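Have a look at upload-v7.cif below; it lists mmCIF, C-alpha atoms.
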data_upload
loop_
_atom_site.group_PDB
_atom_site.id
_atom_site.type_symbol
_atom_site.label_atom_id
_atom_site.label_comp_id
_atom_site.auth_asym_id
_atom_site.auth_seq_id
_atom_site.Cartn_x
_atom_site.Cartn_y
_atom_site.Cartn_z
ATOM 1 C CA MET B 1 36.222 -19.885 -14.066
ATOM 2 C CA ILE B 2 34.905 -16.575 -15.368
ATOM 3 C CA THR B 3 31.542 -15.321 -14.107
ATOM 4 C CA CYS B 4 29.786 -12.796 -16.323
ATOM 5 C CA VAL B 5 27.519 -10.629 -14.176
ATOM 6 C CA VAL B 6 24.776 -9.049 -16.280
ATOM 7 C CA PRO B 7 22.311 -6.635 -14.593
ATOM 8 C CA CYS B 8 19.052 -6.545 -16.573
ATOM 9 C CA TYR B 9 16.096 -4.197 -16.502
ATOM 10 C CA ASN B 10 13.526 -4.643 -19.279
ATOM 11 C CA GLU B 11 16.059 -6.179 -21.666
ATOM 12 C CA GLU B 12 13.730 -8.692 -23.317
ATOM 13 C CA ALA B 13 14.456 -7.320 -26.804
ATOM 14 C CA VAL B 14 18.219 -7.851 -26.618
ATOM 15 C CA LEU B 15 18.743 -10.908 -24.392
ATOM 16 C CA ASP B 16 18.858 -13.476 -27.205
ATOM 17 C CA ARG B 17 21.458 -11.462 -29.131
ATOM 18 C CA PHE B 18 23.511 -10.928 -25.999
ATOM 19 C CA TYR B 19 23.414 -14.641 -25.152
ATOM 20 C CA ALA B 20 24.544 -15.531 -28.674
ATOM 21 C CA GLU B 21 27.477 -13.100 -28.455
ATOM 22 C CA ILE B 22 28.640 -14.089 -24.988
ATOM 23 C CA THR B 23 28.468 -17.808 -25.754
ATOM 24 C CA ARG B 24 30.460 -17.153 -28.927
ATOM 25 C CA ILE B 25 33.230 -15.618 -26.823
ATOM 26 C CA ALA B 26 33.031 -18.496 -24.346
ATOM 27 C CA GLY B 27 33.404 -20.885 -27.276
ATOM 28 C CA GLN B 28 36.596 -19.138 -28.357
ATOM 29 C CA MET B 29 38.057 -19.442 -24.834
ATOM 30 C CA LYS B 30 37.630 -23.205 -24.650
ATOM 31 C CA LYS B 31 40.138 -23.735 -21.839
ATOM 32 C CA VAL B 32 38.261 -21.423 -19.478
ATOM 33 C CA PRO B 33 34.851 -22.423 -18.049
ATOM 34 C CA PHE B 34 32.177 -19.717 -17.979
ATOM 35 C CA GLU B 35 29.184 -18.906 -15.798
ATOM 36 C CA PHE B 36 26.533 -16.408 -16.892
ATOM 37 C CA LEU B 37 24.824 -14.742 -13.940
ATOM 38 C CA PHE B 38 21.897 -12.514 -14.899
ATOM 39 C CA ILE B 39 20.431 -10.147 -12.290
ATOM 40 C CA ASN B 40 16.825 -9.280 -13.121
ATOM 41 C CA ASP B 41 16.219 -5.900 -11.499
ATOM 42 C CA GLY B 42 12.424 -6.059 -11.238
ATOM 43 C CA SER B 43 11.780 -6.005 -15.001
ATOM 44 C CA THR B 44 8.194 -5.480 -16.090
ATOM 45 C CA ASP B 45 8.542 -7.071 -19.539
ATOM 46 C CA GLY B 46 9.387 -10.664 -20.494
ATOM 47 C CA THR B 47 12.994 -10.556 -19.255
ATOM 48 C CA LEU B 48 12.429 -13.070 -16.467
ATOM 49 C CA SER B 49 10.650 -15.517 -18.791
ATOM 50 C CA LYS B 50 13.572 -15.396 -21.207
ATOM 51 C CA LEU B 51 16.041 -15.968 -18.380
ATOM 52 C CA ARG B 52 14.090 -19.029 -17.272
ATOM 53 C CA ARG B 53 14.176 -20.344 -20.829
ATOM 54 C CA LEU B 54 17.914 -19.751 -21.218
ATOM 55 C CA ALA B 55 18.586 -21.400 -17.853
ATOM 56 C CA GLY B 56 16.644 -24.448 -19.037
ATOM 57 C CA LEU B 57 18.726 -24.659 -22.222
ATOM 58 C CA ASP B 58 22.166 -23.955 -20.737
ATOM 59 C CA SER B 59 23.357 -25.122 -17.310
ATOM 60 C CA ARG B 60 25.879 -22.265 -17.257
ATOM 61 C CA VAL B 61 23.064 -19.716 -17.075
ATOM 62 C CA HIS B 62 21.984 -18.620 -13.601
ATOM 63 C CA TYR B 63 19.693 -15.805 -12.619
ATOM 64 C CA VAL B 64 18.679 -13.852 -9.537
ATOM 65 C CA SER B 65 15.399 -11.967 -9.823
ATOM 66 C CA PHE B 66 14.707 -9.127 -7.390
ATOM 67 C CA SER B 67 11.359 -8.699 -5.665
ATOM 68 C CA ARG B 68 11.174 -5.207 -7.232
ATOM 69 C CA ASN B 69 13.397 -2.682 -8.965
ATOM 70 C CA PHE B 70 16.321 -1.825 -6.680
ATOM 71 C CA GLY B 71 18.540 -0.128 -9.273
ATOM 72 C CA LYS B 72 21.662 -1.067 -11.190
ATOM 73 C CA GLU B 73 23.957 -0.515 -8.205
ATOM 74 C CA ALA B 74 22.066 -3.181 -6.269
ATOM 75 C CA GLY B 75 22.230 -5.420 -9.349
ATOM 76 C CA ILE B 76 26.012 -5.100 -9.526
ATOM 77 C CA TYR B 77 26.361 -5.823 -5.805
ATOM 78 C CA ALA B 78 24.087 -8.882 -6.020
ATOM 79 C CA GLY B 79 26.030 -10.178 -9.008
ATOM 80 C CA LEU B 80 29.377 -9.855 -7.247
ATOM 81 C CA GLN B 81 27.937 -11.397 -4.091
ATOM 82 C CA ASN B 82 26.627 -14.468 -5.929
ATOM 83 C CA ALA B 83 29.448 -14.916 -8.460
ATOM 84 C CA SER B 84 31.486 -18.092 -7.953
ATOM 85 C CA GLY B 85 34.171 -17.522 -10.600
ATOM 86 C CA ASP B 86 37.848 -16.819 -9.984
ATOM 87 C CA TYR B 87 37.395 -13.807 -12.254
ATOM 88 C CA VAL B 88 34.249 -11.716 -12.559
ATOM 89 C CA VAL B 89 33.163 -9.604 -15.528
ATOM 90 C CA ILE B 90 30.478 -6.930 -15.104
ATOM 91 C CA MET B 91 28.725 -6.002 -18.347
ATOM 92 C CA ASP B 92 25.427 -4.683 -19.678
ATOM 93 C CA ALA B 93 23.042 -6.796 -21.731
ATOM 94 C CA ASP B 94 22.532 -4.126 -24.415
ATOM 95 C CA LEU B 95 25.878 -4.969 -26.129
ATOM 96 C CA GLN B 96 27.244 -1.466 -25.555
ATOM 97 C CA ASP B 97 29.988 -3.321 -23.680
ATOM 98 C CA PRO B 98 31.816 -5.253 -26.453
ATOM 99 C CA PRO B 99 32.136 -8.933 -25.445
ATOM 100 C CA ASP B 100 35.145 -9.192 -27.794
ATOM 101 C CA LEU B 101 37.223 -7.385 -25.142
ATOM 102 C CA ILE B 102 36.854 -10.252 -22.644
ATOM 103 C CA PRO B 103 39.771 -12.366 -23.996
ATOM 104 C CA GLU B 104 42.054 -9.323 -23.803
ATOM 105 C CA MET B 105 40.866 -8.621 -20.268
ATOM 106 C CA TYR B 106 41.508 -12.217 -19.256
ATOM 107 C CA HIS B 107 45.042 -12.101 -20.692
ATOM 108 C CA ALA B 108 45.771 -8.900 -18.743
ATOM 109 C CA VAL B 109 44.713 -10.306 -15.361
ATOM 110 C CA THR B 110 46.312 -13.734 -15.847
ATOM 111 C CA GLU B 111 49.492 -12.937 -17.816
ATOM 112 C CA GLU B 112 50.274 -9.247 -17.302
ATOM 113 C CA GLY B 113 49.895 -9.083 -13.517
ATOM 114 C CA TYR B 114 46.872 -6.771 -13.318
ATOM 115 C CA ASP B 115 44.235 -7.183 -10.610
ATOM 116 C CA CYS B 116 41.497 -5.513 -12.630
ATOM 117 C CA VAL B 117 40.900 -4.437 -16.221
ATOM 118 C CA GLY B 118 38.455 -1.610 -16.850
ATOM 119 C CA SER B 119 37.057 -0.120 -20.031
ATOM 120 C CA ARG B 120 36.437 3.458 -21.087
ATOM 121 C CA ARG B 121 34.807 5.081 -24.090
ATOM 122 C CA VAL B 122 37.016 7.502 -25.993
ATOM 123 C CA THR B 123 34.083 8.835 -28.039
ATOM 124 C CA ARG B 124 30.416 9.527 -27.305
ATOM 125 C CA LYS B 125 29.164 9.070 -30.848
ATOM 126 C CA GLY B 126 25.393 8.705 -30.939
ATOM 127 C CA GLU B 127 24.811 10.496 -27.627
ATOM 128 C CA PRO B 128 22.898 13.805 -27.459
ATOM 129 C CA PRO B 129 25.395 16.711 -27.244
ATOM 130 C CA VAL B 130 23.794 18.063 -24.054
ATOM 131 C CA ARG B 131 24.151 14.715 -22.314
ATOM 132 C CA SER B 132 27.800 14.416 -23.407
ATOM 133 C CA PHE B 133 28.546 17.935 -22.147
ATOM 134 C CA PHE B 134 27.106 17.308 -18.695
ATOM 135 C CA ALA B 135 28.797 13.891 -18.489
ATOM 136 C CA ARG B 136 32.221 15.438 -19.083
ATOM 137 C CA LEU B 137 31.379 18.226 -16.627
ATOM 138 C CA PHE B 138 30.515 15.652 -13.979
ATOM 139 C CA TYR B 139 33.841 13.833 -14.328
ATOM 140 C CA LYS B 140 35.744 17.125 -14.071
ATOM 141 C CA LEU B 141 33.829 18.175 -10.948
ATOM 142 C CA MET B 142 34.106 14.733 -9.384
ATOM 143 C CA ASN B 143 37.878 14.579 -9.801
ATOM 144 C CA ARG B 144 38.298 18.120 -8.465
ATOM 145 C CA MET B 145 36.039 17.633 -5.461
ATOM 146 C CA SER B 146 37.082 14.119 -4.467
ATOM 147 C CA LYS B 147 40.345 12.325 -3.726
ATOM 148 C CA THR B 148 38.911 9.264 -5.487
ATOM 149 C CA GLU B 149 39.726 9.291 -9.199
ATOM 150 C CA VAL B 150 36.862 8.552 -11.583
ATOM 151 C CA VAL B 151 38.147 8.175 -15.147
ATOM 152 C CA ASP B 152 36.261 10.110 -17.825
ATOM 153 C CA GLY B 153 34.245 7.714 -19.972
ATOM 154 C CA ALA B 154 34.722 4.800 -17.571
ATOM 155 C CA ARG B 155 32.174 2.013 -17.890
ATOM 156 C CA ASP B 156 31.056 -0.560 -15.346
ATOM 157 C CA PHE B 157 32.305 -3.128 -17.897
ATOM 158 C CA GLN B 158 35.422 -4.649 -16.341
ATOM 159 C CA MET B 159 37.057 -7.888 -15.233
ATOM 160 C CA MET B 160 38.156 -8.314 -11.623
ATOM 161 C CA SER B 161 40.162 -10.915 -9.785
ATOM 162 C CA ARG B 162 38.657 -12.528 -6.719
ATOM 163 C CA LYS B 163 40.564 -10.298 -4.276
ATOM 164 C CA VAL B 164 39.196 -7.180 -5.984
ATOM 165 C CA VAL B 165 35.661 -8.610 -5.846
ATOM 166 C CA ASN B 166 36.062 -9.296 -2.134
ATOM 167 C CA ALA B 167 37.326 -5.744 -1.565
ATOM 168 C CA VAL B 168 34.247 -4.297 -3.306
ATOM 169 C CA LEU B 169 31.938 -6.526 -1.265
ATOM 170 C CA ASP B 170 33.618 -5.375 1.954
ATOM 171 C CA MET B 171 32.230 -1.925 1.189
ATOM 172 C CA GLY B 172 28.696 -2.846 2.191
ATOM 173 C CA GLU B 173 27.255 0.666 2.174
ATOM 174 C CA TYR B 174 23.589 1.093 1.236
ATOM 175 C CA ASN B 175 24.100 4.220 -0.908
ATOM 176 C CA ARG B 176 26.372 2.776 -3.571
ATOM 177 C CA PHE B 177 28.295 4.489 -6.364
ATOM 178 C CA SER B 178 30.267 1.746 -8.070
ATOM 179 C CA LYS B 179 32.481 3.965 -10.213
ATOM 180 C CA GLY B 180 33.725 5.654 -7.051
ATOM 181 C CA ILE B 181 34.070 2.354 -5.196
ATOM 182 C CA PHE B 182 36.160 0.842 -8.002
ATOM 183 C CA GLY B 183 38.468 3.862 -7.857
ATOM 184 C CA TRP B 184 38.631 3.992 -4.049
ATOM 185 C CA ILE B 185 39.772 0.385 -3.503
ATOM 186 C CA GLY B 186 42.864 0.864 -5.649
ATOM 187 C CA PHE B 187 44.757 -2.248 -6.875
ATOM 188 C CA LYS B 188 46.690 -2.501 -10.126
ATOM 189 C CA LYS B 189 44.312 -1.631 -12.958
ATOM 190 C CA LYS B 190 44.592 -1.526 -16.739
ATOM 191 C CA TRP B 191 42.277 0.480 -18.981
ATOM 192 C CA LEU B 192 41.067 -0.645 -22.402
ATOM 193 C CA GLU B 193 39.766 2.077 -24.692
ATOM 194 C CA TYR B 194 37.102 1.665 -27.344
ATOM 195 C CA GLU B 195 34.722 3.780 -29.394
ATOM 196 C CA ASN B 196 31.142 4.161 -28.265
ATOM 197 C CA VAL B 197 28.764 1.407 -29.358
ATOM 198 C CA GLU B 198 25.041 2.067 -29.601
ATOM 199 C CA ARG B 199 22.467 -0.259 -28.066
ATOM 200 C CA ALA B 200 21.747 -3.392 -30.075
ATOM 201 C CA ALA B 201 18.018 -3.167 -29.281
ATOM 202 C CA GLY B 202 15.584 -1.597 -26.840
ATOM 203 C CA GLU B 203 15.781 1.835 -25.238
ATOM 204 C CA THR B 204 18.061 3.293 -22.611
ATOM 205 C CA LYS B 205 16.682 3.360 -19.065
ATOM 206 C CA TRP B 206 18.748 6.416 -18.147
ATOM 207 C CA ASN B 207 17.141 9.782 -18.832
ATOM 208 C CA PHE B 208 18.704 13.155 -18.038
ATOM 209 C CA TRP B 209 17.073 13.426 -14.603
ATOM 210 C CA SER B 210 18.129 9.932 -13.471
ATOM 211 C CA LEU B 211 21.710 10.623 -14.616
ATOM 212 C CA LEU B 212 21.697 13.937 -12.715
ATOM 213 C CA VAL B 213 20.521 12.238 -9.514
ATOM 214 C CA TYR B 214 23.131 9.503 -10.024
ATOM 215 C CA ALA B 215 25.856 12.129 -10.444
ATOM 216 C CA LEU B 216 24.791 13.948 -7.261
ATOM 217 C CA ASP B 217 24.795 10.639 -5.375
ATOM 218 C CA GLY B 218 28.346 10.025 -6.549
ATOM 219 C CA ILE B 219 29.550 13.433 -5.403
ATOM 220 C CA LEU B 220 27.876 13.096 -2.001
ATOM 221 C CA ALA B 221 29.213 9.553 -1.555
ATOM 222 C CA PHE B 222 32.876 10.399 -2.171
ATOM 223 C CA SER B 223 33.286 14.070 -1.324
ATOM 224 C CA THR B 224 32.584 16.471 1.527
ATOM 225 C CA THR B 225 33.474 19.480 -0.650
ATOM 226 C CA PRO B 226 29.828 20.675 -0.872
ATOM 227 C CA LEU B 227 29.847 21.130 2.918
ATOM 228 C CA VAL B 228 33.083 23.104 2.686
ATOM 229 C CA LEU B 229 31.628 25.257 -0.087
ATOM 230 C CA ALA B 230 28.558 25.982 2.018
ATOM 231 C CA SER B 231 30.796 27.075 4.918
ATOM 232 C CA VAL B 232 32.967 29.273 2.686
ATOM 233 C CA LEU B 233 29.899 30.827 1.086
ATOM 234 C CA GLY B 234 28.489 31.690 4.512
ATOM 235 C CA LEU B 235 31.797 33.238 5.594
ATOM 236 C CA LEU B 236 32.075 35.363 2.430
ATOM 237 C CA ILE B 237 28.524 36.669 2.839
ATOM 238 C CA CYS B 238 29.234 37.580 6.480
ATOM 239 C CA LEU B 239 32.357 39.495 5.431
ATOM 240 C CA ALA B 240 30.430 41.261 2.677
ATOM 241 C CA ALA B 241 27.741 42.224 5.197
ATOM 242 C CA VAL B 242 30.349 43.734 7.562
ATOM 243 C CA VAL B 243 31.877 45.746 4.715
ATOM 244 C CA LEU B 244 28.472 47.015 3.596
ATOM 245 C CA ILE B 245 27.549 48.029 7.144
ATOM 246 C CA GLY B 246 30.786 50.019 7.355
ATOM 247 C CA VAL B 247 30.053 51.725 4.027
ATOM 248 C CA ILE B 248 26.548 52.700 5.155
ATOM 249 C CA VAL B 249 27.808 54.064 8.504
ATOM 250 C CA VAL B 250 30.554 56.134 6.852
ATOM 251 C CA ARG B 251 28.220 57.458 4.164
ATOM 252 C CA THR B 252 25.642 58.478 6.772
ATOM 253 C CA LEU B 253 28.172 60.214 9.089
ATOM 254 C CA VAL B 254 30.202 61.951 6.377
ATOM 255 C CA PHE B 255 27.612 62.783 3.741
ATOM 256 C CA GLY B 256 24.507 62.737 5.907
ATOM 257 C CA ASP B 257 22.893 60.354 3.410
ATOM 258 C CA PRO B 258 20.148 58.377 5.136
ATOM 259 C CA THR B 259 19.719 54.718 4.227
ATOM 260 C CA SER B 260 16.870 54.206 1.804
ATOM 261 C CA GLY B 261 15.557 51.831 -0.807
ATOM 262 C CA TRP B 262 13.251 49.041 0.256
ATOM 263 C CA PRO B 263 13.550 47.245 -3.151
ATOM 264 C CA SER B 264 17.281 46.655 -2.641
ATOM 265 C CA LEU B 265 16.593 45.555 0.940
ATOM 266 C CA ALA B 266 13.974 43.074 -0.268
ATOM 267 C CA CYS B 267 16.397 41.674 -2.857
ATOM 268 C CA LEU B 268 19.078 41.233 -0.197
ATOM 269 C CA ILE B 269 16.650 39.427 2.107
ATOM 270 C CA LEU B 270 15.576 37.108 -0.708
ATOM 271 C CA MET B 271 19.180 36.411 -1.677
ATOM 272 C CA MET B 272 20.181 35.625 1.892
ATOM 273 C CA SER B 273 17.160 33.379 2.347
ATOM 274 C CA GLY B 274 18.067 31.515 -0.850
ATOM 275 C CA VAL B 275 21.676 31.018 0.279
ATOM 276 C CA GLN B 276 20.517 29.739 3.657
ATOM 277 C CA LEU B 277 18.092 27.288 2.102
ATOM 278 C CA PHE B 278 20.799 26.139 -0.333
ATOM 279 C CA CYS B 279 23.236 25.428 2.491
ATOM 280 C CA ILE B 280 20.551 23.722 4.568
ATOM 281 C CA GLY B 281 19.724 21.603 1.506
ATOM 282 C CA ILE B 282 23.346 20.430 1.262
ATOM 283 C CA LEU B 283 23.303 19.492 4.949
ATOM 284 C CA GLY B 284 19.975 17.739 4.405
ATOM 285 C CA GLN B 285 21.361 15.585 1.614
ATOM 286 C CA TYR B 286 24.227 14.332 3.773
ATOM 287 C CA LEU B 287 21.860 13.809 6.685
ATOM 288 C CA ALA B 288 19.461 11.834 4.464
ATOM 289 C CA LYS B 289 22.287 9.558 3.291
ATOM 290 C CA THR B 290 23.344 8.976 6.885
ATOM 291 C CA TYR B 291 19.743 8.263 7.868
ATOM 292 C CA LEU B 292 19.390 5.598 5.166
ATOM 293 C CA GLU B 293 22.677 3.979 6.190
ATOM 294 C CA THR B 294 21.614 3.709 9.843
ATOM 295 C CA LYS B 295 18.477 1.765 8.901
ATOM 296 C CA HIS B 296 20.644 -1.191 7.799
ATOM 297 C CA ARG B 297 18.114 -2.255 5.194
ATOM 298 C CA PRO B 298 19.202 -4.977 2.746
ATOM 299 C CA ILE B 299 20.571 -3.678 -0.539
ATOM 300 C CA TYR B 300 18.233 -6.024 -2.429
ATOM 301 C CA LEU B 301 15.627 -8.746 -1.883
ATOM 302 C CA VAL B 302 15.417 -11.904 -3.988
ATOM 303 C CA GLY B 303 12.049 -12.918 -5.382
ATOM 304 C CA GLU B 304 13.223 -15.870 -7.486
ATOM 305 C CA SER B 305 16.472 -17.574 -8.448
ATOM 306 C CA ASN B 306 17.718 -20.835 -9.951
ATOM 307 C CA LEU B 307 20.768 -20.825 -7.667
ATOM 308 C CA GLU B 308 20.727 -23.413 -4.910
ATOM 309 C CA GLU B 309 19.673 -22.169 -1.481
ATOM 310 C CA GLY B 310 23.103 -22.890 -0.035
ATOM 311 C CA VAL B 311 24.769 -20.875 -2.797
ATOM 312 C CA LEU B 312 22.445 -17.868 -2.987
ATOM 313 C CA SER B 313 23.848 -15.012 -0.902
ATOM 314 C CA GLY B 314 20.684 -12.913 -0.703
ATOM 315 C CA LYS B 315 17.600 -14.032 1.177
ATOM 316 C CA LYS B 316 14.940 -15.582 -1.044
ATOM 317 C CA TYR B 317 11.312 -14.961 -0.063
ATOM 318 C CA THR B 318 8.963 -17.783 -1.004
ATOM 319 C CA GLY B 319 5.849 -16.871 0.983
ATOM 320 C CA LYS B 320 6.467 -19.608 3.539
ATOM 321 C CA ARG B 321 7.267 -18.503 7.056
ATOM 322 C CA GLU B 322 10.561 -19.966 8.233
ATOM 323 C CA ALA B 323 10.655 -21.883 11.495
ATOM 324 C CA SER B 324 12.463 -20.132 14.321
#

In structure tokens, how does this file's structure come out?
Amino acid sequence: MITCVVPCYNEEAVLDRFYAEITRIAGQMKKVPFEFLFINDGSTDGTLSKLRRLAGLDSRVHYVSFSRNFGKEAGIYAGLQNASGDYVVIMDADLQDPPDLIPEMYHAVTEEGYDCVGSRRVTRKGEPPVRSFFARLFYKLMNRMSKTEVVDGARDFQMMSRKVVNAVLDMGEYNRFSKGIFGWIGFKKKWLEYENVERAAGETKWNFWSLLVYALDGILAFSTTPLVLASVLGLLICLAAVVLIGVIVVRTLVFGDPTSGWPSLACLILMMSGVQLFCIGILGQYLAKTYLETKHRPIYLVGESNLEEGVLSGKKYTGKREAS
């Protein structure tokens, strides 16, 4: 069986079109049973109502609705945790991930010996140029700063065998960066390339700031290079200070030139203070991530689901206090 995991956040406008497309693909693959697992990530529109309606019309449709918005990473983890298929497909509901690639993915993992089939965009048509520039810059920095390869243009849209799913779930960290996790676990992977597809309806939930924060999370999660850079920067400034002290001493002894110039001194103090705060900020980011990990909070909480209690992996809160 193939389980399609679909994280959703305010996707009311596109759900019907997505359901029509994914069921069309399932109809073409008649020999393979399908399960459609929607993860409602605390949507504030009518997404949950539509999922209830689809679940009532089609027994293959299941949904897990979070108690609040926990983010797409939590949605992906919850989907993998609750998927029962032998193969699991992660895809967005906005149809930017072409469902027509699923048969090719299935053939690759069942006939060609691959454990996982990923997808990557070879163009960014329709994206703002600034966003495309920073996206490419991120991939270059990530691959230079980390031993984990993150392919440029890689999407979360991919099909995984059960052993790959289990490997991802074994990485139960709270601060999750799925693109890095998929690269870190390894396994034999095939990439399918396609041109960028614009959203079928609705608006993107990712603005420039949220993408920047996501990129920084990825770098911090899979690289300690920022700490090394902070150390190297501190060493270089110390060496520069020693050289400057020597220059001042020699100039004073040889030329009798007294040290002067409070503006330059003020600039140096400000620069040094800025460097110190920058390095402390890098340390603080790693410390904050460690702090969140040590709390051992759940990655998500379930508010509602049509999965049976014995099947649902996350804890469902109904308002009734459980007996001890």

As JSON, please: the centre and edge lengths in Å, to one decimal, of an axis-aligned box enclosing every listed atom of segment 147-155 of chain B with 6 Å added on each side.
{"center_x": 36.3, "center_y": 7.2, "center_z": -11.8, "size_x": 20.2, "size_y": 22.3, "size_z": 28.2}

How would you write, as a ChimeraX atom specification, the residues chosen by the PyMOL selection byres ((chain B and resi 69) around 9) on this structure? /B:9,40-43,66-68,70-72,300

Name the closest residue to Ile76 of chain B among the candidates B:Phe187, B:Tyr286, B:Phe38, B:Tyr194; distances are taken between atoms, counting only C-alpha atoms. B:Phe38

For Ser119 of chain B, please output as a PyMOL selection string all residues within 10 Å (counting all atoms listed in the file; exclusion window: fewer than 5 positions along the same chain). chain B and resi 97-98+101+105+151+153-159+190-194

Include C-alpha atoms and write out the residues we just selected as an mmCIF file, in the coordinates of the input.
data_model
loop_
_atom_site.group_PDB
_atom_site.id
_atom_site.type_symbol
_atom_site.label_atom_id
_atom_site.label_comp_id
_atom_site.auth_asym_id
_atom_site.auth_seq_id
_atom_site.Cartn_x
_atom_site.Cartn_y
_atom_site.Cartn_z
ATOM 1 C CA ASP B 97 29.988 -3.321 -23.680
ATOM 2 C CA PRO B 98 31.816 -5.253 -26.453
ATOM 3 C CA LEU B 101 37.223 -7.385 -25.142
ATOM 4 C CA MET B 105 40.866 -8.621 -20.268
ATOM 5 C CA VAL B 151 38.147 8.175 -15.147
ATOM 6 C CA GLY B 153 34.245 7.714 -19.972
ATOM 7 C CA ALA B 154 34.722 4.800 -17.571
ATOM 8 C CA ARG B 155 32.174 2.013 -17.890
ATOM 9 C CA ASP B 156 31.056 -0.560 -15.346
ATOM 10 C CA PHE B 157 32.305 -3.128 -17.897
ATOM 11 C CA GLN B 158 35.422 -4.649 -16.341
ATOM 12 C CA MET B 159 37.057 -7.888 -15.233
ATOM 13 C CA LYS B 190 44.592 -1.526 -16.739
ATOM 14 C CA TRP B 191 42.277 0.480 -18.981
ATOM 15 C CA LEU B 192 41.067 -0.645 -22.402
ATOM 16 C CA GLU B 193 39.766 2.077 -24.692
ATOM 17 C CA TYR B 194 37.102 1.665 -27.344
#

Residues in the PyMOL selection byres ((chain B and resi 53) around 12), expressed as a list of chain:residue names: B:Glu12, B:Leu15, B:Asp16, B:Tyr19, B:Gly46, B:Thr47, B:Leu48, B:Ser49, B:Lys50, B:Leu51, B:Arg52, B:Leu54, B:Ala55, B:Gly56, B:Leu57, B:Asp58, B:Ser59, B:Val61, B:His62, B:Tyr63, B:Asn306

Selection: 8 Å around Asp100 of chain B, all atoms listed in the file, excl. self and same-chain fewer than 3 positions, as a PyMOL selection string: chain B and resi 25+103-104

On this file, the PyMOL selection byres ((chain B and resi 298) around 12) gives some set of residues; write that set as a PyMOL selection string. chain B and resi 66+70+74+77-78+172-175+292-297+299-302+313-315

So how many Å separate atom CA of Glu11 of chain B and atom CA of Ser178 of chain B, to one decimal?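 Separating atom CA of Glu11 of chain B from atom CA of Ser178 of chain B is a distance of 21.2 Å.
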
What is the distance, in Å and to one decimal place, between atom CA of Ala26 of chain B and atom CA of Arg162 of chain B? 19.4 Å

For Leu80 of chain B, which residue out of B:Val228, B:Ile22, B:Val64, B:Val14 is the nearest one, using all atoms listed in the file?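 Selected residue with least distance to Leu80 of chain B: B:Val64.
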
Nearest to Thr3 of chain B among B:Tyr87, B:Tyr106, B:Phe278, B:Trp184, with distances taken over only C-alpha atoms: which residue is it?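 Among B:Tyr87, B:Tyr106, B:Phe278, B:Trp184, it is B:Tyr87 that comes nearest to Thr3 of chain B.
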
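The nearest approach to Glu21 of chain B among the residues B:Cys279, B:Met145, B:Leu137, B:Ala93, with all atoms listed in the file taken into account, belongs to B:Ala93.
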
Rounded to one decimal, what separation in Å do you get between atom CA of Ala20 of chain B and atom CA of Ala108 of chain B? 24.4 Å

Closest to Val232 of chain B among B:Leu95, B:Val275, B:Ile102, B:Ile185, using all atoms listed in the file?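 Of the candidates, the smallest distance to Val232 of chain B is held by B:Val275.
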
Closest to Gly180 of chain B among B:Glu73, B:Glu195, B:Asp94, B:Glu35, using all atoms listed in the file? B:Glu73

Taking (30.0, -7.2, -15.2) in the file's own coordinates, collect the residues within 7 Å, counting only C-alpha atoms, and hand them back as an MDAnalysis selection string. chainID B and resid 4:6 88:92 156:158

Can you tell me, as a PyMOL selection string, what residues are no more than 9 Å from Val164 of chain B when counting only C-alpha atoms, ignoring any on the same chain fewer than 4 positions away? chain B and resi 115-116+160+168-169+182+185-187
